[in-house]
Amino acid sequence: MDNRDIAAVLREIAVFNDLSGGNTFKSRAFEAVARTVEKLPESLADLVAQDRLSEVKGVGKGTEQVIRELLATGASSELAKLKASFPPGITDLLSLSGMGPKRVKAVYERLGVSTIKALESACREGRVAELDGFGDKTQAKILKAIEYVKTTVGQRLYSEALAIGGELSRLCGDSGLFARVDFAGSLRRGKHVFKDIDLLLVPARDNTGAEVQAFLASLADPDGLIGAGPTKVSIRRTGLQVDFRVVPPGSWPAALQHFTGSKEHNTALRSRAKTLGLKMNEYGVYDASGAALPLDDEASVYRSVGLDWIPPEIREADGEIEAAAAGALPVLVEPGDFRGMVHVHSTWSDGTCSVKELARGCIARGLEWMCLSDHSRSAGYAGGLSDERLREQASEVAALNRKIAPFRIFHGIESDILGDGSLDYPDEVLAGLDFVIGSVHAKLGMGRDEATARLVAAIAHPRLTMLGHPGGGLLLSREGYPWDEQKVLAALADRGVVLEHNCNPHRLDPGWQVLKRAREKGVLVSVNPDAHDLEGFDDVRFGVIMARKAWLGRRDVLNTRTVEEIDAYFAQRRGRGR
DNA sequence: GCCGTTTTCGGCCCGACTGTTTTCAGTCG
């Protein structure tokens with residue numbers, strides 16, 4: 001069992017503890033340890049071997065026993081005991097909006113209902129409304145939640161969520177009802193996929209409560225109004241849940257902080273406020289006498305609890321508060337730091353722009369260099385280049401480089417990583433290229449050990465410069481193969497191979513959590529749009545946000561190198577391959 | 001269940017909204 005498996009069991013114990021009506025603080029304790037364990041750089045097995053498990057924050061007698069048992073036997077007797085009183089699959093009911101542990105427990109114990117299907121029947125027969133604490137409206141709401149799950153358009157890609165948020169932001173702005181419209185929540189912090197988005201609004205004038213509420217409700221899909229009060233309106237818009245929060249101007253700094261989250265970050269922040277004798281909520285920060293502290297922007301909210309302003313992207317309760325308290329926050333990479341575009345496809349394979357057009361696009365964006373990497377010969381479906389075509393392309397690139405200097409096109413390839421981990425061309429062909437990105441495109445069904453061995457073998461190839469989209473997944477459509485992150489990161493660090501962050505919104509692969517650990521191991525990251533046209537270049541904005549979430553600074557990111565630096569870097573890498 | 005320059009026991013973030021209730025429990029973020 002690795003850390004992630006163990007975290008999953010700890011979470012499950014928390015869920016079943018809730019369902020059993022156990023102490024909710026016990027659940028919280030288990031959840032906290034699960035979160036910590038997932039982020040732990042060291043494996044729990046190693047920590048147990050060194051008898052250092054109790055050093056992990058939040059681990060006490062109870063959680064330590066569970067972890068030890070899991071490592072020794074692969075199962076938890078505590079979880080088994082908790083699960084024994086429920087039928088399998090009961091946790092599906094928790095996925096319904098409005099169904100929490102108490103209501104799930106009630107419908108199971110009093111109606112014998114343990115599946116969504118059975119719950120739907122019970123609702124249609126009116127049996128749910130008759131339960132104590134339930135009623136007609138709750139029953140109708142549950143039915144609606146079931147309908148939603150059935151027809152779910154579900155989660156959205158970052159690009160889609162941003163488009164919906166942008167449109168709503170414009171509509172709110174144009175309405176003239178608001179003095180301020182801000183993205184909050186994960187739209188502001190950055191995320192892979194979205195199940196909802198948050199917008200923060202400050203009314204333009206007083207006494208518009210009803211008007212504001214009616215306007216926001218009017219933005220909903222038909223039958224898409226989830227809830228509406230004077231300060232909070234929730235709707236569905238093209239199927240995506242949108243939460244609007246309306247706050248008075250004086251509360252804007254605290255509200256922006258509060259609604260940006262994350263929940264865990266805020267919890268930690270308010271705990272800290274409490275130890276300082278302060279109270280924090282979305283309306284302000286208050287001292288012991290209840291007097292509001294003066295706040296004029298978000299930075300002053302953080303200052304009020306003795307912290308430097310924390311960039312939204314890293315507000316994930318993953319060390320940022322401690323760093324802010326110590327004045328040791330990282331200086332994060334910024335869009336303006338980027339000088340080069342990496343991983344670009346042209347009409348030579350499956351792109352829609354010529355090499356020249358791509359280069360011009362980079363120049364128009366103020367960049368100094370570009371790494372051209374079309375598909376390799378095995379990728380027949382994508383027009384992969386034969387040895388011969390690759391040589392022809394090299395001539396075109398050389399000719400172009402003479403014309404468009406000082407801009408520089410580096411000639412490389414996105415080589416398929418074959419099933420055994422080898423690359424797609426003979427060594428002498430690869431040796432003629434400026435760089436090589438290795439990516440898995442086929443045989444995606446491998447198990448963890450096989451997939452990991454394949455990646456590690458490719459990383460060990462002396463000609464490999466960079467590992468492309470290591471997880472192989474497509475967000476919301478295709479699960480990637482499992483791989484051993486620790487082994488792959490160790491191999492990358494050992495061989496000095498760059499890790500791609502593929503920032504196509506369908507991929508965002510690997511996730512920011514992996515990038516963060518890569519940085520800790522000293523692995524260089526390249527933020528790559530995997531662009532097939534000029535619009536694809538814009539995806540770098542998602543990559544920058546993910547890089548920032550991973551605490552990456554300018555020097556951690558390959559794309560920030562000057563053309564001279566990158567030239568020297570590739571030359572040095574090629575030298576190693578000889 | 002975990003934790004402690006307030007605490008080894010008594011806390012554990014805080015508020016909005018909804019619906020079922022006549023003061024609050026449940027859910028959500």
# chains A, B, ... in the order shown; residues from 1 in each chain; ligands from 1
call {"tool": "residues_around", "arguments": {"residues": "Gly384 in chain A", "least_positions_apart": "3", "cutoff": "12 Å", "atoms": "only C-alpha atoms (C1' of nucleotides)", "output": "VMD selection string"}}
result
chain A and resid 345 to 351 373 to 381 387 to 390 413 to 416 424 to 425 441
call {"tool": "interface_residues", "arguments": {"of": "chain A", "to": "chain B", "cutoff": "9 Å", "atoms": "only C-alpha atoms (C1' of nucleotides)", "output": "ChimeraX atom specification"}}
result
/A:23,25-30,58-63,97-100,102-103,132-135,137-138,227-229,231-232,259,263,266-271,274-275,280-282
call {"tool": "write_last_selection", "arguments": {"atoms": "N, CA and C atoms", "output": "CSV table (one decimal), in the first residue's frame"}}
result
chain,number,residue,atom,x,y,z
A,23,ASN,N,-18.5,10.4,16.5
A,23,ASN,CA,-17.9,11.7,16.8
A,23,ASN,C,-17.4,12.4,15.5
A,25,PHE,N,-15.7,14.9,15.2
A,25,PHE,CA,-14.3,15.4,15.3
A,25,PHE,C,-13.3,14.2,15.0
A,26,LYS,N,-13.8,13.0,15.2
A,26,LYS,CA,-12.9,11.9,14.9
A,26,LYS,C,-12.8,11.8,13.3
A,27,SER,N,-13.9,12.0,12.7
A,27,SER,CA,-13.9,12.0,11.2
A,27,SER,C,-12.9,13.1,10.7
A,28,ARG,N,-13.0,14.3,11.3
A,28,ARG,CA,-12.2,15.4,10.9
A,28,ARG,C,-10.7,15.0,11.1
A,29,ALA,N,-10.4,14.4,12.2
A,29,ALA,CA,-9.0,14.0,12.5
A,29,ALA,C,-8.5,13.0,11.5
A,30,PHE,N,-9.4,12.0,11.1
A,30,PHE,CA,-8.9,11.1,10.1
A,30,PHE,C,-8.8,11.7,8.7
A,58,GLY,N,-0.7,15.4,13.1
A,58,GLY,CA,-2.1,14.9,13.2
A,58,GLY,C,-2.2,13.4,13.5
A,59,VAL,N,-1.1,12.7,13.3
A,59,VAL,CA,-1.1,11.3,13.6
A,59,VAL,C,-1.0,11.0,15.1
A,60,GLY,N,-2.0,10.3,15.7
A,60,GLY,CA,-1.9,10.0,17.1
A,60,GLY,C,-2.1,8.5,17.2
A,61,LYS,N,-2.6,8.1,18.4
A,61,LYS,CA,-2.7,6.6,18.7
A,61,LYS,C,-3.6,5.9,17.6
A,62,GLY,N,-4.8,6.5,17.5
A,62,GLY,CA,-5.8,5.8,16.6
A,62,GLY,C,-5.4,5.7,15.2
A,63,THR,N,-4.9,6.8,14.6
A,63,THR,CA,-4.6,6.8,13.2
A,63,THR,C,-3.3,6.0,13.0
A,97,SER,N,-26.6,15.8,-4.0
A,97,SER,CA,-26.6,17.1,-3.3
A,97,SER,C,-27.8,17.1,-2.4
A,98,GLY,N,-27.5,17.5,-1.1
A,98,GLY,CA,-28.6,17.6,-0.1
A,98,GLY,C,-28.6,16.3,0.7
A,99,MET,N,-27.9,15.3,0.3
A,99,MET,CA,-27.8,14.1,1.1
A,99,MET,C,-26.5,14.0,1.9
A,100,GLY,N,-26.6,14.3,3.2
A,100,GLY,CA,-25.4,14.1,4.0
A,100,GLY,C,-25.4,12.9,4.8
A,102,LYS,N,-26.3,12.2,7.9
A,102,LYS,CA,-27.5,12.0,8.7
A,102,LYS,C,-28.7,11.5,7.9
A,103,ARG,N,-28.9,12.1,6.8
A,103,ARG,CA,-30.1,11.8,5.9
A,103,ARG,C,-29.8,10.4,5.3
A,132,ASP,N,-39.4,11.5,9.8
A,132,ASP,CA,-39.2,12.7,10.7
A,132,ASP,C,-38.1,13.5,10.1
A,133,GLY,N,-38.3,14.8,10.1
A,133,GLY,CA,-37.2,15.7,9.7
A,133,GLY,C,-37.2,15.9,8.2
A,134,PHE,N,-37.9,15.0,7.4
A,134,PHE,CA,-38.0,15.2,6.0
A,134,PHE,C,-39.4,15.8,5.7
A,135,GLY,N,-39.6,16.1,4.5
A,135,GLY,CA,-40.9,16.7,4.1
A,135,GLY,C,-41.1,16.7,2.6
A,137,LYS,N,-40.8,19.0,0.4
A,137,LYS,CA,-39.8,19.8,-0.3
A,137,LYS,C,-38.5,19.1,-0.4
A,138,THR,N,-38.1,18.5,0.8
A,138,THR,CA,-36.8,17.7,0.8
A,138,THR,C,-36.9,16.6,-0.2
A,227,GLY,N,-30.8,28.0,-5.3
A,227,GLY,CA,-31.2,28.6,-4.0
A,227,GLY,C,-30.9,30.1,-4.2
A,228,ALA,N,-31.7,30.9,-3.4
A,228,ALA,CA,-31.5,32.3,-3.5
A,228,ALA,C,-31.8,33.0,-2.2
A,229,GLY,N,-30.9,33.8,-1.7
A,229,GLY,CA,-31.1,34.6,-0.5
A,229,GLY,C,-30.5,35.9,-0.8
A,231,THR,N,-27.8,37.3,0.3
A,231,THR,CA,-26.4,37.4,0.1
A,231,THR,C,-25.8,36.3,-0.8
A,232,LYS,N,-26.6,35.3,-1.1
A,232,LYS,CA,-26.1,34.2,-1.8
A,232,LYS,C,-27.2,33.7,-2.8
A,259,PHE,N,-14.0,33.8,0.1
A,259,PHE,CA,-14.6,33.1,-1.0
A,259,PHE,C,-13.6,32.6,-2.0
A,263,LYS,N,-11.1,25.9,1.3
A,263,LYS,CA,-11.7,25.6,2.5
A,263,LYS,C,-10.7,25.3,3.6
A,266,ASN,N,-8.7,28.4,4.6
A,266,ASN,CA,-9.5,29.3,5.4
A,266,ASN,C,-9.6,28.7,6.8
A,267,THR,N,-9.8,27.4,6.9
A,267,THR,CA,-9.9,26.8,8.3
A,267,THR,C,-8.6,27.1,9.1
A,268,ALA,N,-7.5,26.9,8.4
A,268,ALA,CA,-6.2,27.1,9.1
A,268,ALA,C,-6.0,28.5,9.5
A,269,LEU,N,-6.5,29.4,8.5
A,269,LEU,CA,-6.3,30.8,8.8
A,269,LEU,C,-7.1,31.3,9.9
A,270,ARG,N,-8.4,30.8,10.0
A,270,ARG,CA,-9.3,31.2,11.1
A,270,ARG,C,-8.8,30.6,12.4
A,271,SER,N,-8.3,29.4,12.4
A,271,SER,CA,-7.7,28.9,13.6
A,271,SER,C,-6.6,29.8,14.1
A,274,LYS,N,-7.9,32.9,15.7
A,274,LYS,CA,-8.4,32.6,17.0
A,274,LYS,C,-7.3,32.6,18.0
A,275,THR,N,-6.2,31.9,17.7
A,275,THR,CA,-5.1,31.9,18.7
A,275,THR,C,-4.6,33.3,18.9
A,280,MET,N,-12.4,35.8,12.5
A,280,MET,CA,-12.4,36.1,11.0
A,280,MET,C,-13.7,35.5,10.4
A,281,ASN,N,-14.3,36.2,9.6
A,281,ASN,CA,-15.4,35.7,8.7
A,281,ASN,C,-15.4,36.4,7.4
A,282,GLU,N,-16.4,36.2,6.6
A,282,GLU,CA,-16.4,36.8,5.3
A,282,GLU,C,-16.7,38.3,5.3
call {"tool": "atom_distance", "arguments": {"atom1": "CA of Phe338 in chain A", "atom2": "CA of Ala531 in chain A"}}
result
15.8 Å
call {"tool": "atom_distance", "arguments": {"atom1": "CA of Leu558 in chain A", "atom2": "CA of Val344 in chain A"}}
result
15.1 Å
call {"tool": "select_by_dssp", "arguments": {"residues": "range 224-307 of chain A", "states": "strand (DSSP E or B)", "output": "ChimeraX atom specification"}}
result
/A:225-228,232-237,240-246,279-281,284-286,292
call {"tool": "atom_distance", "arguments": {"atom1": "CA of Pro88 in chain A", "atom2": "CA of Leu70 in chain A"}}
result
20.5 Å
call {"tool": "select_by_dssp", "arguments": {"residues": "range 186-337 of chain A", "states": "alpha helix (DSSP H)", "output": "number ranges by chain"}}
result
A: 186-189, 209-218, 252-260, 263-275, 298-304, 320-325
call {"tool": "residues_around", "arguments": {"residues": "Gly239 in chain A", "least_positions_apart": "4", "cutoff": "12 Å", "atoms": "only C-alpha atoms (C1' of nucleotides)", "output": "PyMOL selection string"}}
result
chain A and resi 148-149+151-156+160-161+164+194-197+219-226+235
call {"tool": "residues_around", "arguments": {"residues": "Pro249 in chain A", "least_positions_apart": "4", "cutoff": "12 Å", "atoms": "only C-alpha atoms (C1' of nucleotides)", "output": "list in words"}}
result
Phe178, Ala179, Arg180, Val181, Leu200, Leu201, Val202, Pro203, Ala204, Arg205, Asp206, Pro253, Ala254, Ala255, Leu256, Glu282, Tyr283, Gly284, Leu295, Asp296 and Asp297 of chain A
call {"tool": "residues_around", "arguments": {"residues": "range 357-371 of chain A", "least_positions_apart": "6", "cutoff": "8 Å", "atoms": "only C-alpha atoms (C1' of nucleotides)", "output": "ChimeraX atom specification"}}
result
/A:338-344,346,406-412,533-534,562-563
